[in-house]
Structure formats: C-alpha cells, structure tokens
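upload_39.cif (mmCIF, C-alpha atoms)
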```
data_model
loop_
_atom_site.label_atom_id
_atom_site.label_comp_id
_atom_site.auth_asym_id
_atom_site.auth_seq_id
_atom_site.Cartn_x
_atom_site.Cartn_y
_atom_site.Cartn_z
CA MET E 95 -5.45 -29.38 -2.75
CA SER E 96 -6.06 -25.78 -3.83
CA PRO E 97 -3.17 -23.81 -5.35
CA SER E 98 -2.84 -21.68 -2.22
CA ASP E 99 -2.27 -24.81 -0.10
CA ALA E 100 1.18 -25.12 -1.69
CA VAL E 101 2.20 -21.63 -0.59
CA THR E 102 4.94 -21.47 2.04
CA THR E 103 5.16 -18.75 4.68
CA ASP E 104 7.72 -17.41 7.10
CA THR E 105 8.29 -14.21 9.07
CA LEU E 106 11.28 -11.90 8.88
CA VAL E 107 12.47 -8.64 10.40
CA TYR E 108 12.92 -6.01 7.69
CA GLY E 109 13.58 -2.90 9.76
CA ARG E 110 13.81 -1.29 13.18
CA ALA E 111 12.31 1.96 14.45
CA ASP E 112 11.52 3.33 17.90
CA ASP E 113 12.90 0.14 19.49
CA LEU E 114 10.45 -1.94 17.43
CA ASP E 115 11.33 -4.87 15.20
CA LEU E 116 9.28 -4.39 12.03
CA LEU E 117 7.99 -7.70 10.69
CA ALA E 118 6.96 -8.99 7.29
CA ASP E 119 5.31 -12.29 6.45
CA ARG E 120 6.77 -13.78 3.30
CA TYR E 121 4.47 -15.89 1.13
CA GLY E 122 6.44 -18.01 -1.29
CA PRO E 123 5.22 -20.12 -4.20
CA SER E 124 5.78 -23.86 -4.07
CA GLU E 125 9.34 -24.98 -4.77
CA GLY E 126 10.31 -24.45 -8.38
CA ALA E 127 7.15 -22.47 -9.17
CA GLY E 128 8.44 -18.99 -8.46
CA SER E 129 8.52 -16.25 -11.07
CA GLY E 130 11.36 -14.33 -9.43
CA GLN E 131 9.05 -11.34 -9.03
CA ALA E 132 8.21 -9.76 -5.68
CA VAL E 133 5.19 -7.88 -4.37
CA VAL E 134 5.11 -5.78 -1.21
CA MET E 135 1.67 -5.73 0.45
CA VAL E 136 0.51 -2.82 2.64
CA HIS E 137 -2.61 -3.41 4.73
CA GLY E 138 -5.35 -0.89 5.40
CA GLY E 139 -7.16 0.03 8.60
CA ALA E 140 -7.57 3.82 8.66
CA TRP E 141 -3.88 4.15 9.70
CA THR E 142 -4.82 2.78 13.14
CA SER E 143 -5.76 -0.91 12.91
CA ASN E 144 -5.09 -4.29 11.28
CA ASP E 145 -1.70 -5.88 10.67
CA ARG E 146 0.34 -7.93 8.22
CA LEU E 147 -2.08 -10.86 8.56
CA SER E 148 -5.12 -8.90 7.36
CA PRO E 149 -4.55 -9.32 3.59
CA ALA E 150 -3.54 -13.01 3.88
CA VAL E 151 -6.20 -14.20 1.42
CA LEU E 152 -4.94 -11.93 -1.35
CA CYS E 153 -1.29 -12.69 -0.49
CA ARG E 154 -1.95 -16.39 -0.94
CA GLU E 155 -3.75 -15.84 -4.24
CA LEU E 156 -0.73 -13.97 -5.62
CA ALA E 157 1.84 -16.38 -4.20
CA SER E 158 0.02 -19.36 -5.70
CA ALA E 159 0.49 -17.67 -9.10
CA GLY E 160 4.28 -17.53 -8.62
CA TYR E 161 4.90 -14.21 -6.88
CA THR E 162 6.87 -13.82 -3.66
CA VAL E 163 4.71 -11.60 -1.47
CA PHE E 164 5.91 -9.64 1.57
CA SER E 165 3.04 -8.47 3.80
CA LEU E 166 4.17 -5.73 6.18
CA ASP E 167 3.65 -4.56 9.70
CA PHE E 168 4.54 -0.89 10.10
CA ARG E 169 4.09 1.97 12.53
CA ASP E 170 0.80 3.85 12.35
CA GLY E 171 -1.48 5.97 14.50
CA ARG E 172 -1.14 3.50 17.36
CA ASN E 173 2.52 4.38 17.82
CA GLY E 174 3.45 7.26 15.52
CA LYS E 175 2.46 10.09 13.22
CA HIS E 176 2.65 10.50 9.47
CA PRO E 177 4.99 9.83 7.62
CA CYS E 178 6.29 7.05 9.89
CA ALA E 179 4.39 4.35 7.97
CA VAL E 180 5.80 5.44 4.60
CA ARG E 181 9.31 5.41 6.05
CA ASP E 182 8.78 1.83 7.17
CA ILE E 183 7.40 0.77 3.79
CA THR E 184 10.36 2.22 1.87
CA ALA E 185 12.70 0.49 4.35
CA ALA E 186 10.97 -2.81 3.57
CA ILE E 187 11.51 -2.32 -0.15
CA ARG E 188 15.19 -1.55 0.44
CA CYS E 189 15.52 -4.65 2.61
CA ILE E 190 13.90 -6.87 -0.01
CA ARG E 191 15.99 -5.39 -2.83
CA SER E 192 19.24 -5.81 -0.88
CA ARG E 193 18.40 -9.45 -0.01
CA ALA E 194 17.08 -10.43 -3.42
CA ASP E 195 19.46 -13.35 -3.85
CA GLU E 196 18.49 -14.75 -0.44
CA PHE E 197 14.78 -14.50 -1.33
CA GLY E 198 15.20 -15.85 -4.85
CA ILE E 199 13.81 -12.76 -6.52
CA ASP E 200 14.92 -10.23 -9.13
CA ALA E 201 15.84 -6.95 -7.42
CA ALA E 202 14.75 -5.10 -10.56
CA ARG E 203 11.18 -6.50 -10.48
CA ILE E 204 9.29 -5.38 -7.38
CA GLY E 205 5.66 -4.28 -7.26
CA LEU E 206 3.71 -2.56 -4.49
CA ILE E 207 0.08 -3.10 -3.43
CA GLY E 208 -1.87 -1.19 -0.79
CA SER E 209 -5.51 -1.17 0.28
CA SER E 210 -7.55 1.67 1.80
CA SER E 211 -5.20 3.71 4.02
CA GLY E 212 -2.52 1.28 2.87
CA GLY E 213 -3.30 2.34 -0.69
CA HIS E 214 -2.55 5.92 0.31
CA LEU E 215 0.74 4.87 1.91
CA ALA E 216 1.71 2.71 -1.08
CA LEU E 217 1.03 5.57 -3.48
CA LEU E 218 3.22 7.97 -1.51
CA ALA E 219 6.01 5.39 -1.35
CA ALA E 220 5.69 4.73 -5.09
CA ILE E 221 5.80 8.35 -6.26
CA GLN E 222 8.33 9.57 -3.67
CA PRO E 223 10.44 6.49 -2.89
CA ASP E 224 13.72 8.17 -2.05
CA ILE E 225 12.92 11.61 -0.68
CA GLU E 226 14.47 12.44 2.68
CA ALA E 227 11.08 12.62 4.42
CA HIS E 228 10.49 8.96 3.53
CA ARG E 229 13.80 7.76 4.94
CA GLY E 230 14.87 7.19 8.53
CA THR E 231 13.79 3.64 9.36
CA ALA E 232 16.78 1.37 9.89
CA VAL E 233 16.93 -1.37 7.24
CA VAL E 234 17.74 -4.95 8.17
CA GLY E 235 19.50 -6.10 5.04
CA ALA E 236 22.79 -6.18 3.20
CA PRO E 237 25.48 -3.69 4.36
CA ASP E 238 24.57 -1.24 1.60
CA ALA E 239 20.79 -1.60 2.05
CA GLU E 240 20.32 1.96 3.29
CA GLN E 241 21.67 3.25 -0.04
CA ALA E 242 19.39 1.05 -2.15
CA SER E 243 16.51 2.72 -3.95
CA ALA E 244 12.94 2.05 -2.80
CA ALA E 245 11.59 2.55 -6.34
CA VAL E 246 9.06 0.00 -7.58
CA ASN E 247 8.05 -1.08 -11.08
CA CYS E 248 4.32 -0.64 -10.56
CA VAL E 249 1.74 0.04 -7.87
CA VAL E 250 -1.77 -1.25 -7.19
CA ALA E 251 -4.04 1.01 -5.11
CA LEU E 252 -7.12 -0.82 -3.84
CA TRP E 253 -9.82 1.66 -2.74
CA PRO E 254 -7.11 4.12 -1.60
CA VAL E 255 -7.68 6.99 0.82
CA SER E 256 -5.58 9.11 -1.51
CA ASP E 257 -6.50 12.50 -0.01
CA PRO E 258 -6.74 12.27 3.80
CA LEU E 259 -8.30 15.71 4.24
CA HIS E 260 -10.96 14.96 1.61
CA ARG E 261 -11.87 11.73 3.40
CA PHE E 262 -11.78 13.47 6.81
CA ASN E 263 -14.30 16.03 5.58
CA TYR E 264 -16.41 13.25 4.04
CA ALA E 265 -16.39 11.36 7.35
CA ARG E 266 -17.56 14.48 9.17
CA ARG E 267 -20.30 15.05 6.61
CA VAL E 268 -21.71 11.52 6.88
CA GLY E 269 -21.14 11.13 10.63
CA ARG E 270 -18.42 8.46 10.63
CA ASP E 271 -16.99 9.20 14.06
CA GLU E 272 -14.66 6.18 14.03
CA LEU E 273 -12.97 7.41 10.84
CA ILE E 274 -12.68 10.94 12.22
CA ALA E 275 -10.97 9.57 15.34
CA ALA E 276 -8.59 7.46 13.23
CA HIS E 277 -7.51 10.46 11.17
CA ARG E 278 -6.79 12.41 14.33
CA ARG E 279 -4.62 9.64 15.70
CA TYR E 280 -2.28 9.48 12.69
CA TYR E 281 -2.26 13.17 11.69
CA ARG E 282 -1.47 16.17 13.86
CA ASP E 283 -4.19 18.36 12.39
CA GLU E 284 -6.04 19.12 9.17
CA GLU E 285 -3.05 20.87 7.62
CA HIS E 286 -1.02 17.71 8.19
CA MET E 287 -3.75 15.75 6.36
CA ARG E 288 -3.63 18.22 3.46
CA GLU E 289 0.15 17.85 3.18
CA ALA E 290 -0.24 14.06 2.97
CA SER E 291 -2.51 14.18 -0.10
CA VAL E 292 -1.30 12.20 -3.11
CA GLN E 293 -3.29 14.51 -5.38
CA ARG E 294 -1.59 17.57 -3.88
CA ALA E 295 1.89 16.07 -4.37
CA LEU E 296 1.09 15.22 -7.99
CA ALA E 297 -0.38 18.64 -8.77
CA ASN E 298 2.64 20.38 -7.25
CA GLY E 299 5.15 18.37 -9.29
CA GLU E 300 6.58 16.62 -6.23
CA ALA E 301 6.57 13.09 -7.66
CA GLN E 302 10.00 11.53 -8.20
CA ARG E 303 8.50 8.68 -10.21
CA LEU E 304 5.18 7.77 -11.80
CA PRO E 305 5.15 3.97 -12.03
CA PRO E 306 2.27 2.29 -13.86
CA LEU E 307 -0.78 2.33 -11.57
CA LEU E 308 -3.88 0.18 -11.15
CA VAL E 309 -6.65 1.89 -9.16
CA VAL E 310 -9.59 -0.22 -7.94
CA GLN E 311 -12.85 1.31 -6.65
CA PRO E 312 -15.74 -0.82 -5.34
CA GLY E 313 -19.15 0.55 -6.26
CA GLU E 314 -20.62 0.30 -2.76
CA ASP E 315 -17.61 1.66 -0.89
CA ALA E 316 -18.88 3.59 2.14
CA ASN E 317 -15.36 4.52 3.30
CA VAL E 318 -13.83 6.00 0.14
CA PRO E 319 -15.92 8.55 -1.78
CA ARG E 320 -15.84 7.88 -5.49
CA GLU E 321 -15.14 11.50 -6.38
CA MET E 322 -11.88 11.37 -4.40
CA THR E 323 -10.72 8.36 -6.42
CA LEU E 324 -11.62 10.07 -9.69
CA GLU E 325 -9.61 13.10 -8.58
CA LEU E 326 -6.64 10.76 -8.05
CA VAL E 327 -7.08 9.30 -11.53
CA SER E 328 -7.13 12.77 -13.09
CA ALA E 329 -4.17 14.01 -11.06
CA TYR E 330 -2.03 10.98 -11.97
CA GLN E 331 -2.82 11.35 -15.66
CA ASP E 332 -2.29 15.11 -15.59
CA ALA E 333 1.15 14.52 -14.05
CA GLY E 334 2.03 12.23 -16.96
CA GLY E 335 1.41 8.86 -15.32
CA VAL E 336 -0.15 5.82 -16.98
CA LEU E 337 -2.91 3.99 -15.12
CA ASN E 338 -5.77 1.54 -15.32
CA TYR E 339 -8.99 2.25 -13.45
CA LEU E 340 -11.14 -0.71 -12.40
CA PHE E 341 -14.64 -0.02 -11.09
CA LEU E 342 -16.42 -2.94 -9.38
CA PRO E 343 -20.18 -2.35 -9.07
CA GLY E 344 -21.99 -3.71 -6.03
CA LEU E 345 -18.95 -4.51 -3.91
CA PRO E 346 -18.12 -2.99 -0.50
CA HIS E 347 -14.95 -1.47 0.89
CA GLY E 348 -12.27 -4.00 1.78
CA PHE E 349 -14.07 -7.02 0.36
CA ALA E 350 -10.80 -8.69 -0.73
CA TYR E 351 -9.76 -9.42 2.87
CA GLN E 352 -12.22 -12.33 2.74
CA ALA E 353 -12.14 -15.37 0.48
CA SER E 354 -14.82 -15.13 -2.21
CA ALA E 355 -15.34 -15.47 -5.93
CA GLU E 356 -15.05 -11.68 -6.17
CA THR E 357 -11.68 -11.74 -4.40
CA THR E 358 -10.41 -14.41 -6.77
CA ARG E 359 -11.56 -12.36 -9.77
CA LEU E 360 -9.83 -9.28 -8.40
CA ALA E 361 -6.65 -11.31 -7.88
CA GLY E 362 -6.86 -12.27 -11.55
CA ASP E 363 -7.11 -8.62 -12.56
CA ILE E 364 -4.13 -7.75 -10.36
CA LEU E 365 -2.11 -10.63 -11.81
CA THR E 366 -2.82 -9.41 -15.35
CA PHE E 367 -1.56 -5.95 -14.40
CA LEU E 368 1.54 -7.32 -12.64
CA ALA E 369 2.39 -9.57 -15.57
CA ARG E 370 2.33 -6.54 -17.87
CA HIS E 371 4.55 -4.36 -15.67
CA LEU E 372 6.83 -6.75 -13.77
#
```

Please express the file's structure as structure tokens.
Amino acid sequence: MSPSDAVTTDTLVYGRADDLDLLADRYGPSEGAGSGQAVVMVHGGAWTSNDRLSPAVLCRELASAGYTVFSLDFRDGRNGKHPCAVRDITAAIRCIRSRADEFGIDAARIGLIGSSSGGHLALLAAIQPDIEAHRGTAVVGAPDAEQASAAVNCVVALWPVSDPLHRFNYARRVGRDELIAAHRRYYRDEEHMREASVQRALANGEAQRLPPLLVVQPGEDANVPREMTLELVSAYQDAGGVLNYLFLPGLPHGFAYQASAETTRLAGDILTFLARHL
C-alpha cells in the first residue's frame, strides 16, 4: 500500500455566496499520523475551469506526509468577476481557522498553495488577507468566524499568473485565443486586469502581509512567461518579502496535476518549505 492509500477524504461546505454552497475536499492523514498543520489548496484553470478535484494528486502527496489539506471550489469566470474567487478563498481560511479543533489542526499554522491562476489568487489572498475587497463571502464556521483573520503562515505559488494583464498581452502576442477568452470572462476589461496584478499591489505598498513565499516555474511553461515570474520575484523582494525560487527545466505548465516522479519530487520540495515555515 502506498502512503497516499492511507489518506482519508471528505467534503465540507466552507462558505456561501450567490446562493451557492462552496465546497472543499478535506484530505486527512491516516489516524494518529497528523502533524496538526493545514494547507489550503487553490486550483488553476485560467479563472474559468477545473475544480477542487483537479489537484488531487498533490493533495494526497501532502496529506500522506501528515498535513491536513483543504482543496477548494470557488467562484470564477463561470459565475462571477474578480475578486469573487479571492473572497471565497479568504472565507475558506476563516472557516478552517474557526473550526480548527473540529479538524484537529493548529489554527496558528495554516499554509496556502495555488497553481497557475490559482497561484495568482493565492498570492492576493496571502498579501491582502483581511482587506475589505477580499471579504463578503459568508463563512460556514464558528459564530465568530467572520471576524477571524485569513492570514497564512506561508504561501506556495506554482507557475502563478501573477500579473493578469501581462499574461493577457502575452496570450495575444502568441495567439492563445483560449487564454484571451478566459481572461475576458473573469475580468471586466484590461484595466481590471491591471488592478489585479500582484506586482502592482506590491510596488504600490498595498500588501498587508508578506508571508514566506515559494515560487515554482517550469522551464517549458507555455502558459506563464518566465519574465513575468521573475518580475514577481523582484517585486516581492523589493517589498521586503522573503522567498525561494525553484526553476524546473524541461517541465510543462501544470505537470503536477498528474502522478509522476517529477510531481513526487516537487511535493518533496513543497514539504521542505512547509516544514520550515509551518
């Protein structure tokens, strides 16, 4: 039996918005093997596709190492506009923090992971956890859950679309019509994309927090231009944040959604980072 075979799963409602129940799949380590540390997982999909099941392989890798992982569904371009997804993510963190005893976790040790567009959303939630623009989703939790902070101890950004306007212009330049259409579904216009840039928020001093950050960039990523990621790295450091940058030659965008030796190695790198900061 592989370690991930011992992982338990269930589904919970963490929030409500626009008459929708917002769901999370909880991956728990085998009984007695938990570390008491939680990770919130935010899937990618160009803000218009995929769901909480998409990163299941990585969720199981982390849960088998002792972490309790919550993989989220949230509103996106299929049923809303930015920043609805970030509001849902911060609501999930508040829910998890307020129900820490129920979940067998330490409310003071929560990490956040996002991939692709989910990396963008996770970064915004991590640096601006409690601003008014990122509130508004009803939290299903303890009576005082709405007042809980959505701050996290650390954040992992896997191939993040950290500057939506930069990526939109890249998609136009290389003829990626499906990415162009996805941007237009989640953002009102190009100015809306510019406002949503993590780099812009950092440069303008708008970050409430700068938790330790791990940025991962695959070398053959056709969806996320490398120069955009390097701009994120510089902006985070210039703002005073501490980060690790991991470059993975030869690997494509989103590879960790599939089981492979490379995914297992990446999980090991993430676990090393989480152990240091959680």

When the PyMOL selection byres ((chain E and resi 336-343) around 8) is applied to the file above, which residues end up in the set, as a PyMOL selection string? chain E and resi 304-314+327+330-331+334-335+344-345

Considering all atoms listed in the file, can you say which of E:Asn173, E:Asn247, E:Ser210, E:Thr103 comes closest to Gln131 of chain E?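 Checking each of E:Asn173, E:Asn247, E:Ser210, E:Thr103 against Gln131 of chain E, counting all atoms listed in the file, the winner is E:Asn247.
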
Selection result for the PyMOL selection byres ((chain E and resi 143) around 12) on this file, as a VMD selection string: chain E and resid 137 to 142 144 to 148 167 to 173 210 to 212 272 to 273 275 to 277 279 to 280

If the PyMOL selection byres ((chain E and resi 102) around 6) is run on the structure shown, which residues does it catch, given as JSON, numbers by chain? {"E": [101, 103, 121, 122]}

Distance in Å - atom CA of Ala355 of chain E versus atom CA of Asn317 of chain E: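 Spanning atom CA of Ala355 of chain E to atom CA of Asn317 of chain E is a straight-line distance of 22.0 Å.
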
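Atom CA of Ala194 of chain E sits 21.1 Å away from atom CA of Val180 of chain E.
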
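Proximity of E:Leu326, E:Leu156, E:Val255, E:Ile199 to Leu368 of chain E, computed with all atoms listed in the file, is greatest for E:Leu156.
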
Restricting the calculation to all atoms listed in the file: of E:Ser165, E:Thr231, E:Ser243, E:Gln222, which residue gets closest to Arg191 of chain E?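 Comparing E:Ser165, E:Thr231, E:Ser243, E:Gln222 against Arg191 of chain E, the winner is E:Ser243.
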
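Proximity of E:Ala220, E:Gly130, E:Ser209, E:Arg188 to Glu300 of chain E, computed with only C-alpha atoms, is greatest for E:Ala220.
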
Local residues around (10.4, -2.6, -7.8), at most 10 Å away, using all atoms listed in the file, as number ranges by chain: E: 131-134, 187-188, 190-191, 200-206, 220, 243-249, 305, 371-372

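The residue that comes closest to Pro258 of chain E, out of E:Asp119, E:Glu321, E:Glu285, E:Glu240 and on the basis of only C-alpha atoms, is E:Glu285.
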
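Considering the residues E:Arg294, E:Arg261, E:Arg278, E:His286 and counting only C-alpha atoms, Ala316 of chain E has its shortest atom-to-atom contact with E:Arg261.
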
Find the spatial neighbours of Tyr264 of chain E, counting all atoms listed in the file, within a cut-off of 10 Å - ignore same-chain residues fewer than 3 positions away - and output them as a count of residues only. 14

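For the pair atom CA of Pro346 of chain E and atom CA of Trp253 of chain E, the interatomic distance is 9.8 Å.
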
Could you rebuild segment 209-243 of chain E with N, CA and C atoms and give me the result as a tab-separated table (two decimals), keeping the file's coordinate frame?
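Now in selection.tsv:
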```tsv
chain	number	residue	atom	x	y	z
E	209	SER	N	-4.05	-1.26	0.26
E	209	SER	CA	-5.51	-1.17	0.28
E	209	SER	C	-5.96	-0.15	1.31
E	210	SER	N	-6.95	0.66	0.93
E	210	SER	CA	-7.55	1.67	1.80
E	210	SER	C	-6.48	2.66	2.26
E	211	SER	N	-6.29	2.83	3.57
E	211	SER	CA	-5.20	3.71	4.02
E	211	SER	C	-3.86	3.18	3.55
E	212	GLY	N	-3.74	1.86	3.43
E	212	GLY	CA	-2.52	1.28	2.87
E	212	GLY	C	-2.32	1.64	1.41
E	213	GLY	N	-3.43	1.86	0.68
E	213	GLY	CA	-3.30	2.34	-0.69
E	213	GLY	C	-2.72	3.73	-0.74
E	214	HIS	N	-3.12	4.57	0.20
E	214	HIS	CA	-2.55	5.92	0.31
E	214	HIS	C	-1.05	5.83	0.58
E	215	LEU	N	-0.67	5.00	1.54
E	215	LEU	CA	0.74	4.87	1.91
E	215	LEU	C	1.56	4.31	0.75
E	216	ALA	N	1.00	3.31	0.05
E	216	ALA	CA	1.71	2.71	-1.08
E	216	ALA	C	1.91	3.73	-2.19
E	217	LEU	N	0.90	4.55	-2.45
E	217	LEU	CA	1.03	5.57	-3.48
E	217	LEU	C	2.12	6.58	-3.14
E	218	LEU	N	2.16	7.03	-1.90
E	218	LEU	CA	3.22	7.97	-1.51
E	218	LEU	C	4.60	7.33	-1.65
E	219	ALA	N	4.73	6.08	-1.21
E	219	ALA	CA	6.01	5.39	-1.35
E	219	ALA	C	6.39	5.21	-2.82
E	220	ALA	N	5.41	4.98	-3.67
E	220	ALA	CA	5.69	4.73	-5.09
E	220	ALA	C	6.11	5.99	-5.82
E	221	ILE	N	5.47	7.13	-5.51
E	221	ILE	CA	5.80	8.35	-6.26
E	221	ILE	C	6.95	9.13	-5.63
E	222	GLN	N	7.23	8.87	-4.35
E	222	GLN	CA	8.33	9.57	-3.67
E	222	GLN	C	9.18	8.55	-2.89
E	223	PRO	N	9.78	7.59	-3.59
E	223	PRO	CA	10.44	6.49	-2.89
E	223	PRO	C	11.70	6.88	-2.13
E	224	ASP	N	12.39	7.89	-2.60
E	224	ASP	CA	13.72	8.17	-2.05
E	224	ASP	C	13.89	9.59	-1.52
E	225	ILE	N	12.78	10.29	-1.27
E	225	ILE	CA	12.92	11.61	-0.68
E	225	ILE	C	13.34	11.48	0.79
E	226	GLU	N	13.95	12.50	1.31
E	226	GLU	CA	14.47	12.44	2.68
E	226	GLU	C	13.36	12.21	3.69
E	227	ALA	N	12.19	12.78	3.47
E	227	ALA	CA	11.08	12.62	4.42
E	227	ALA	C	10.60	11.18	4.53
E	228	HIS	N	10.91	10.36	3.52
E	228	HIS	CA	10.49	8.96	3.53
E	228	HIS	C	11.64	8.02	3.86
E	229	ARG	N	12.70	8.56	4.43
E	229	ARG	CA	13.80	7.76	4.94
E	229	ARG	C	13.85	7.89	6.47
E	230	GLY	N	14.67	7.06	7.10
E	230	GLY	CA	14.87	7.19	8.53
E	230	GLY	C	14.66	5.91	9.31
E	231	THR	N	13.95	4.94	8.72
E	231	THR	CA	13.79	3.64	9.36
E	231	THR	C	15.00	2.78	9.05
E	232	ALA	N	15.60	2.21	10.08
E	232	ALA	CA	16.78	1.37	9.89
E	232	ALA	C	16.41	0.10	9.11
E	233	VAL	N	17.20	-0.22	8.10
E	233	VAL	CA	16.93	-1.37	7.24
E	233	VAL	C	17.73	-2.57	7.72
E	234	VAL	N	17.06	-3.70	7.86
E	234	VAL	CA	17.74	-4.95	8.17
E	234	VAL	C	17.98	-5.66	6.84
E	235	GLY	N	19.19	-5.54	6.35
E	235	GLY	CA	19.50	-6.10	5.04
E	235	GLY	C	20.98	-6.18	4.81
E	236	ALA	N	21.38	-6.16	3.56
E	236	ALA	CA	22.79	-6.18	3.20
E	236	ALA	C	23.45	-4.89	3.70
E	237	PRO	N	24.80	-4.88	3.82
E	237	PRO	CA	25.48	-3.69	4.36
E	237	PRO	C	25.14	-2.40	3.64
E	238	ASP	N	24.86	-2.46	2.35
E	238	ASP	CA	24.57	-1.24	1.60
E	238	ASP	C	23.07	-1.00	1.42
E	239	ALA	N	22.25	-1.67	2.24
E	239	ALA	CA	20.79	-1.60	2.05
E	239	ALA	C	20.25	-0.19	2.19
E	240	GLU	N	20.83	0.60	3.08
E	240	GLU	CA	20.32	1.96	3.29
E	240	GLU	C	20.46	2.81	2.04
E	241	GLN	N	21.45	2.47	1.17
E	241	GLN	CA	21.67	3.25	-0.04
E	241	GLN	C	20.82	2.75	-1.22
E	242	ALA	N	20.20	1.59	-1.05
E	242	ALA	CA	19.39	1.05	-2.15
E	242	ALA	C	18.18	1.94	-2.40
E	243	SER	N	17.71	1.97	-3.63
E	243	SER	CA	16.51	2.72	-3.95
E	243	SER	C	15.28	1.93	-3.52
```
